[in-house]
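Undergrad: Next comes the structure file input_34.txt, holding compact mmCIF, C-alpha atoms.
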```txt
# COMPACT_ATOMS: atom_id res chain seq x y z
CA MET A 228 0.00 0.00 0.00
CA ASN A 229 1.43 3.40 -0.94
CA ARG A 230 1.33 6.46 1.30
CA ARG A 231 -1.68 8.07 -0.40
CA SER A 232 -3.72 4.86 -0.22
CA PHE A 233 -2.84 4.43 3.44
CA PHE A 234 -4.16 7.85 4.45
CA GLN A 235 -7.27 7.55 2.31
CA THR A 236 -8.05 4.14 3.84
CA THR A 237 -7.39 5.42 7.36
CA ALA A 238 -9.65 8.43 6.85
CA LEU A 239 -12.48 6.27 5.53
CA ALA A 240 -12.13 3.87 8.43
CA ALA A 241 -12.28 6.71 10.93
CA ALA A 242 -15.40 8.11 9.28
CA GLY A 243 -17.03 4.71 9.19
CA LEU A 244 -16.39 4.13 12.86
CA GLY A 245 -17.88 7.55 13.67
CA PHE A 246 -14.82 8.84 15.53
CA ALA A 247 -15.89 11.98 17.40
CA ARG A 248 -13.97 15.04 18.44
CA PRO A 249 -12.60 14.56 22.02
CA ALA A 250 -14.68 16.18 24.74
CA SER A 251 -11.85 18.57 25.64
CA ALA A 252 -11.74 19.83 22.05
CA GLN A 253 -15.53 20.09 21.84
CA SER A 254 -15.61 22.25 24.97
CA ILE A 255 -13.49 24.98 23.39
CA LEU A 256 -15.89 25.63 20.50
CA LYS A 257 -17.87 28.87 20.59
CA SER A 258 -20.97 26.88 19.62
CA ALA A 259 -20.63 24.93 22.87
CA ALA A 260 -21.08 28.07 25.00
CA ASP A 261 -23.85 27.51 27.54
CA PRO A 262 -25.73 30.70 28.57
CA ALA A 263 -26.55 29.07 31.91
CA TYR A 264 -23.12 27.60 32.63
CA LYS A 265 -21.85 27.74 36.19
CA ILE A 266 -18.45 26.58 37.42
CA LYS A 267 -18.62 23.00 38.69
CA ASN A 268 -15.08 22.13 39.79
CA SER A 269 -12.67 23.53 42.36
CA GLY A 270 -9.27 22.64 40.92
CA ILE A 271 -8.45 26.31 40.32
CA LYS A 272 -9.86 29.61 41.55
CA HIS A 273 -11.51 31.49 38.66
CA THR A 274 -11.19 35.26 38.70
CA LEU A 275 -11.19 37.95 36.01
CA MET A 276 -9.41 41.14 34.99
CA GLY A 277 -12.01 43.89 35.01
CA TRP A 278 -10.42 46.31 32.55
CA CYS A 279 -11.06 43.93 29.64
CA TRP A 280 -14.84 44.30 29.99
CA LYS A 281 -14.94 48.10 29.99
CA PRO A 282 -17.09 50.10 29.40
CA MET A 283 -19.36 47.66 31.29
CA ASN A 284 -20.14 48.79 34.83
CA MET A 285 -17.71 46.92 37.08
CA LEU A 286 -20.28 46.12 39.76
CA GLU A 287 -22.58 44.68 37.10
CA LEU A 288 -19.65 42.60 35.87
CA ALA A 289 -18.93 41.48 39.42
CA ARG A 290 -22.54 40.34 39.87
CA HIS A 291 -22.30 38.26 36.70
CA ALA A 292 -18.99 36.82 37.89
CA LYS A 293 -20.53 35.81 41.20
CA ASP A 294 -23.47 34.16 39.41
CA ILE A 295 -21.14 32.14 37.18
CA GLY A 296 -19.15 30.97 40.19
CA LEU A 297 -15.99 33.02 40.00
CA VAL A 298 -14.43 33.73 43.37
CA GLY A 299 -12.52 36.93 42.68
CA ILE A 300 -11.91 39.98 40.53
CA GLU A 301 -8.91 42.22 39.82
CA GLY A 302 -8.06 45.20 37.64
CA ILE A 303 -10.84 47.43 38.98
CA ASP A 304 -10.86 50.79 40.77
CA ARG A 305 -9.87 50.37 44.40
CA LYS A 306 -12.87 52.40 45.54
CA LEU A 307 -15.04 49.47 44.38
CA TYR A 308 -13.29 46.93 46.61
CA PRO A 309 -15.79 47.19 49.51
CA ASP A 310 -18.81 46.77 47.21
CA VAL A 311 -17.23 43.84 45.40
CA LYS A 312 -16.43 42.14 48.70
CA LYS A 313 -20.04 42.62 49.82
CA LEU A 314 -21.06 40.60 46.76
CA GLY A 315 -18.90 37.76 48.04
CA LEU A 316 -15.94 38.15 45.68
CA GLY A 317 -12.34 38.44 46.80
CA ILE A 318 -9.74 40.80 45.38
CA SER A 319 -7.33 38.43 43.66
CA LEU A 320 -4.61 40.93 42.73
CA VAL A 321 -3.83 44.55 43.62
CA GLY A 322 -2.15 46.89 41.13
CA GLY A 323 1.19 48.50 41.74
CA HIS A 324 3.19 50.85 39.55
CA GLY A 325 2.13 49.98 36.00
CA PHE A 326 4.18 48.31 33.28
CA SER A 327 5.79 51.43 31.73
CA ASN A 328 7.48 53.07 34.69
CA GLY A 329 9.40 50.13 36.07
CA PRO A 330 12.53 49.56 38.15
CA CYS A 331 14.81 48.84 35.18
CA ASN A 332 14.91 52.62 34.72
CA PRO A 333 16.54 54.30 37.74
CA LYS A 334 14.51 57.48 37.30
CA PHE A 335 11.40 55.53 38.37
CA ARG A 336 12.99 53.85 41.40
CA GLU A 337 11.35 55.99 44.09
CA GLU A 338 8.00 55.95 42.29
CA VAL A 339 8.06 52.15 42.09
CA ILE A 340 9.03 51.78 45.74
CA ALA A 341 6.26 54.15 46.86
CA LYS A 342 3.54 52.56 44.72
CA LEU A 343 4.48 48.99 45.59
CA THR A 344 4.56 49.86 49.29
CA GLU A 345 1.12 51.45 48.99
CA GLY A 346 -0.16 48.45 47.02
CA ILE A 347 1.09 46.06 49.68
CA ASP A 348 -0.76 48.02 52.37
CA VAL A 349 -3.97 48.09 50.32
CA ALA A 350 -3.71 44.36 49.63
CA ALA A 351 -3.21 43.55 53.29
CA ASP A 352 -6.20 45.72 54.24
CA VAL A 353 -8.58 43.97 51.82
CA GLY A 354 -7.32 40.44 52.45
CA CYS A 355 -5.52 40.09 49.11
CA LYS A 356 -2.26 38.14 49.02
CA LYS A 357 -0.75 39.48 45.78
CA VAL A 358 0.51 42.74 44.28
CA ILE A 359 1.65 42.92 40.66
CA THR A 360 4.99 44.32 39.57
CA PHE A 361 6.76 44.80 36.23
CA THR A 362 10.29 45.36 34.95
CA GLY A 363 9.35 48.47 32.99
CA MET A 364 10.35 49.56 29.49
CA LYS A 365 13.79 49.69 27.91
CA PHE A 366 15.21 53.16 27.37
CA ASP A 367 17.90 54.84 25.29
CA GLY A 368 21.37 54.11 26.61
CA MET A 369 20.18 51.32 28.90
CA ASP A 370 22.85 48.90 30.07
CA ARG A 371 21.30 45.45 30.47
CA GLU A 372 23.38 44.33 33.44
CA GLN A 373 22.78 47.60 35.25
CA ALA A 374 19.05 47.39 34.50
CA VAL A 375 18.93 43.93 36.06
CA LYS A 376 20.73 45.25 39.14
CA ASP A 377 18.37 48.22 39.39
CA CYS A 378 15.35 45.89 39.23
CA LEU A 379 16.69 43.60 41.91
CA ASP A 380 17.80 46.42 44.20
CA THR A 381 14.41 48.16 43.95
CA TRP A 382 12.38 45.03 44.68
CA LYS A 383 14.64 44.16 47.61
CA VAL A 384 13.75 47.49 49.22
CA VAL A 385 10.02 46.67 49.36
CA LEU A 386 10.18 42.91 49.93
CA PRO A 387 10.68 43.08 53.72
CA HIS A 388 7.42 45.04 53.92
CA ALA A 389 5.65 42.50 51.71
CA GLU A 390 6.95 39.63 53.82
CA LYS A 391 5.83 41.35 57.01
CA LYS A 392 2.32 41.88 55.58
CA GLY A 393 2.05 38.35 54.16
CA VAL A 394 1.84 39.66 50.59
CA THR A 395 3.58 38.25 47.51
CA LEU A 396 4.85 40.41 44.66
CA VAL A 397 4.17 38.75 41.30
CA LEU A 398 6.31 39.79 38.35
CA GLU A 399 4.49 39.75 35.03
CA HIS A 400 6.18 38.76 31.80
CA LEU A 401 4.72 40.65 28.81
CA ASN A 402 5.02 40.16 25.07
CA SER A 403 6.83 42.80 23.02
CA ARG A 404 5.76 41.50 19.58
CA ASP A 405 2.11 42.49 19.18
CA ASP A 406 1.94 46.19 18.27
CA THR A 407 -1.66 46.20 17.02
CA HIS A 408 -3.22 47.43 20.28
CA PRO A 409 -1.75 49.08 23.39
CA MET A 410 -2.95 46.23 25.63
CA LYS A 411 -2.30 43.29 23.31
CA GLY A 412 1.46 43.77 23.28
CA HIS A 413 4.10 46.05 24.78
CA PRO A 414 7.00 46.75 22.38
CA GLY A 415 10.12 47.69 24.32
CA TYR A 416 9.17 45.87 27.52
CA PHE A 417 12.33 44.71 29.31
CA GLY A 418 10.95 41.50 30.83
CA ASP A 419 9.63 39.99 27.61
CA ASP A 420 11.35 36.60 28.10
CA VAL A 421 9.64 34.44 30.73
CA ASP A 422 12.81 32.45 31.39
CA PHE A 423 14.67 35.72 32.06
CA CYS A 424 11.91 36.80 34.48
CA VAL A 425 12.22 33.51 36.34
CA ASP A 426 15.97 34.08 36.59
CA LEU A 427 15.27 37.46 38.22
CA ILE A 428 12.95 35.73 40.68
CA LYS A 429 15.63 33.17 41.51
CA GLN A 430 18.10 35.97 42.17
CA ILE A 431 15.65 37.63 44.56
CA GLY A 432 15.32 34.33 46.44
CA SER A 433 12.21 35.16 48.47
CA PRO A 434 9.02 33.06 48.77
CA ASN A 435 7.19 36.40 48.56
CA PHE A 436 8.44 37.13 45.05
CA LYS A 437 6.98 34.99 42.26
CA LEU A 438 6.02 34.93 38.59
CA LEU A 439 2.75 36.05 37.08
CA PHE A 440 2.57 33.49 34.27
CA ASP A 441 0.41 35.06 31.57
CA ILE A 442 -0.39 32.20 29.18
CA TYR A 443 -1.15 34.58 26.32
CA HIS A 444 2.15 36.49 26.59
CA VAL A 445 4.21 33.33 27.09
CA SER A 446 2.56 31.76 24.03
CA ILE A 447 3.59 34.72 21.87
CA MET A 448 7.15 35.18 23.12
CA ASN A 449 8.31 31.73 24.16
CA GLY A 450 5.78 29.06 23.20
CA ASP A 451 5.99 25.63 24.83
CA VAL A 452 3.45 26.80 27.41
CA ILE A 453 2.94 23.45 29.16
CA ARG A 454 6.66 22.68 29.17
CA ARG A 455 7.33 26.04 30.81
CA LEU A 456 4.58 25.56 33.37
CA ARG A 457 6.30 22.35 34.40
CA LEU A 458 9.77 23.89 34.27
CA HIS A 459 8.86 26.95 36.36
CA LYS A 460 6.23 25.41 38.63
CA ASP A 461 8.04 26.35 41.84
CA PHE A 462 8.07 30.04 40.91
CA ILE A 463 4.50 30.59 39.64
CA GLY A 464 2.29 32.77 41.82
CA HIS A 465 -0.56 33.82 39.53
CA ILE A 466 -2.03 32.95 36.11
CA HIS A 467 -3.67 35.02 33.36
CA THR A 468 -5.53 33.70 30.30
CA ALA A 469 -6.39 35.04 26.83
CA GLY A 470 -6.62 33.65 23.32
CA ASN A 471 -3.67 33.98 20.93
CA PRO A 472 -3.62 35.73 18.53
CA GLY A 473 -5.64 38.81 19.32
CA ARG A 474 -6.13 38.50 23.09
CA CYS A 475 -9.55 37.08 22.24
CA GLU A 476 -11.90 34.53 23.78
CA LEU A 477 -10.68 31.01 24.54
CA ASP A 478 -12.44 29.51 21.52
CA GLU A 479 -11.55 27.76 18.27
CA ASN A 480 -10.42 31.03 16.69
CA GLN A 481 -7.17 30.99 18.65
CA GLU A 482 -4.37 28.47 18.99
CA ILE A 483 -3.88 27.72 22.69
CA ASN A 484 -5.34 24.41 23.90
CA TYR A 485 -6.73 25.70 27.19
CA PRO A 486 -8.21 22.41 28.45
CA ALA A 487 -4.74 20.84 28.20
CA VAL A 488 -3.11 23.85 29.84
CA MET A 489 -5.55 23.75 32.76
CA LYS A 490 -4.91 20.03 33.19
CA ALA A 491 -1.18 20.79 33.30
CA LEU A 492 -1.78 23.36 36.06
CA LEU A 493 -3.38 20.69 38.21
CA GLU A 494 -0.57 18.27 37.42
CA ILE A 495 2.06 20.72 38.71
CA GLY A 496 0.02 21.33 41.85
CA TYR A 497 -1.24 24.84 41.04
CA HIS A 498 -4.68 25.45 42.57
CA ASP A 499 -4.61 29.23 42.98
CA TYR A 500 -6.14 32.08 40.95
CA VAL A 501 -6.52 31.89 37.18
CA ALA A 502 -7.66 35.31 35.94
CA HIS A 503 -9.46 35.60 32.61
CA GLU A 504 -7.87 38.57 30.85
CA PHE A 505 -9.14 38.39 27.29
CA ILE A 506 -10.84 41.26 25.46
CA PRO A 507 -14.34 40.06 24.52
CA THR A 508 -15.30 40.25 20.86
CA TRP A 509 -18.51 38.21 21.02
CA GLU A 510 -21.82 40.06 20.89
CA ASP A 511 -22.52 38.83 24.44
CA PRO A 512 -19.39 39.43 26.58
CA ILE A 513 -20.85 37.62 29.60
CA LEU A 514 -21.47 34.54 27.48
CA ALA A 515 -17.80 34.78 26.51
CA LEU A 516 -16.87 34.78 30.20
CA ARG A 517 -19.11 31.79 30.89
CA HIS A 518 -17.49 29.99 27.97
CA ALA A 519 -13.96 30.73 29.26
CA CYS A 520 -14.93 29.36 32.67
CA MET A 521 -16.39 26.26 31.00
CA VAL A 522 -13.21 25.69 28.98
CA CYS A 523 -11.04 26.10 32.08
CA ASP A 524 -13.29 24.31 34.57
CA VAL A 525 -11.02 21.71 36.16
```
Take the structure in this file and express it as structure tokens.
TA:
Amino acid sequence: MNRRSFFQTTALAAAGLGFARPASAQSILKSAADPAYKIKNSGIKHTLMGWCWKPMNMLELARHAKDIGLVGIEGIDRKLYPDVKKLGLGISLVGGHGFSNGPCNPKFREEVIAKLTEGIDVAADVGCKKVITFTGMKFDGMDREQAVKDCLDTWKVVLPHAEKKGVTLVLEHLNSRDDTHPMKGHPGYFGDDVDFCVDLIKQIGSPNFKLLFDIYHVSIMNGDVIRRLRLHKDFIGHIHTAGNPGRCELDENQEINYPAVMKALLEIGYHDYVAHEFIPTWEDPILALRHACMVCDV
């Protein structure tokens, strides 16, 4: 039998036997979205990044999140924290200094220290265990080795306060390739290699300094998402999701196999927050959120 005959025969046999798409693949299809879906499993803690759903009212979004079964929210105005907590949602992550003005640039050192210190205090007050941090953007004349030293020295100033308050700083890796939208990619970002970010975390050497593993950004810059989850499992402190390309829904129009990625999270022993941070494009953005929770329900 030649090669062409073999594949034709195999395809016919598969069709005749009625081989179906695996359940995990079926669950990622947009057509599978259930408008009444509620989270069933407790392997991870579902949360969401509020900014993606703007201009929707954030308290309305929080009510939908609670109905679906999410347990937290992040990326919202701090003045809304009390109202969100009254709804029964936790604050899963508190903002710090923003991704542009980061510690790799010495002119932002004092700003970063002040904003991270404030963020740590806010997090402790609202019962949140995590504050986000970034490396910042490259700049003209930057020396790489000095930029690494400036990052480390700045974080080391605030870490004793974080440790005292029981708060973990999570360093987010961002992609520098997508220049189609200001929040889909960040050209010029210093920490655009996840392995480099993990090396920074190792140099810090504190259990209160970990990696924010953004699946979307890692997919764009490094690939091998599941391999890197396994490789860096001891340093991961938070997870973000989004479809690649386009920071879209977690459906068949993007390339990341989210059911497999979520299974890998459980395999490495990660049971903490997974924040949905995609920008909805569907006509019904809440259905898109329900669908993402369904795809990632492990």
Undergrad: Which residues come within 6 Å of stretch 266-274 of chain A, counting all atoms listed in the file, excluding same-chain residues fewer than 4 positions away, as a list in words?
TA: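 Contacts, in chain order: Gly296, Leu297, Val298, Gly299, Ile300, His498, Asp499, Tyr500, Val501, Ala502, Asp524 and Val525 of chain A.
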Undergrad: Compute the distance from (4.4, 35.9, 48.3) to each atom, counting only C-alpha atoms, keep the residues with any atom at most 8 Å away, and return them as an NGL selection string; use the coordinates of the file.
TA: :A and (356-357 or 389-390 or 393-397 or 433-437 or 464)
Undergrad: Identify which of the residues A:Val522, A:Leu493, A:Met369, A:Ala259 lies closest to A:Leu477, counting only C-alpha atoms when measuring atom-to-atom distances.
TA: A:Val522
Undergrad: Distance atom CA of A:Met364-atom CA of A:Tyr416, one decimal place?
TA: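 One can read the atom CA of A:Met364 to atom CA of A:Tyr416 distance as 4.3 Å.
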Undergrad: Would you mind reading off the distance between atom CA of A:Ile442 and atom CA of A:Glu372, one decimal, in Å?
TA: 27.0 Å
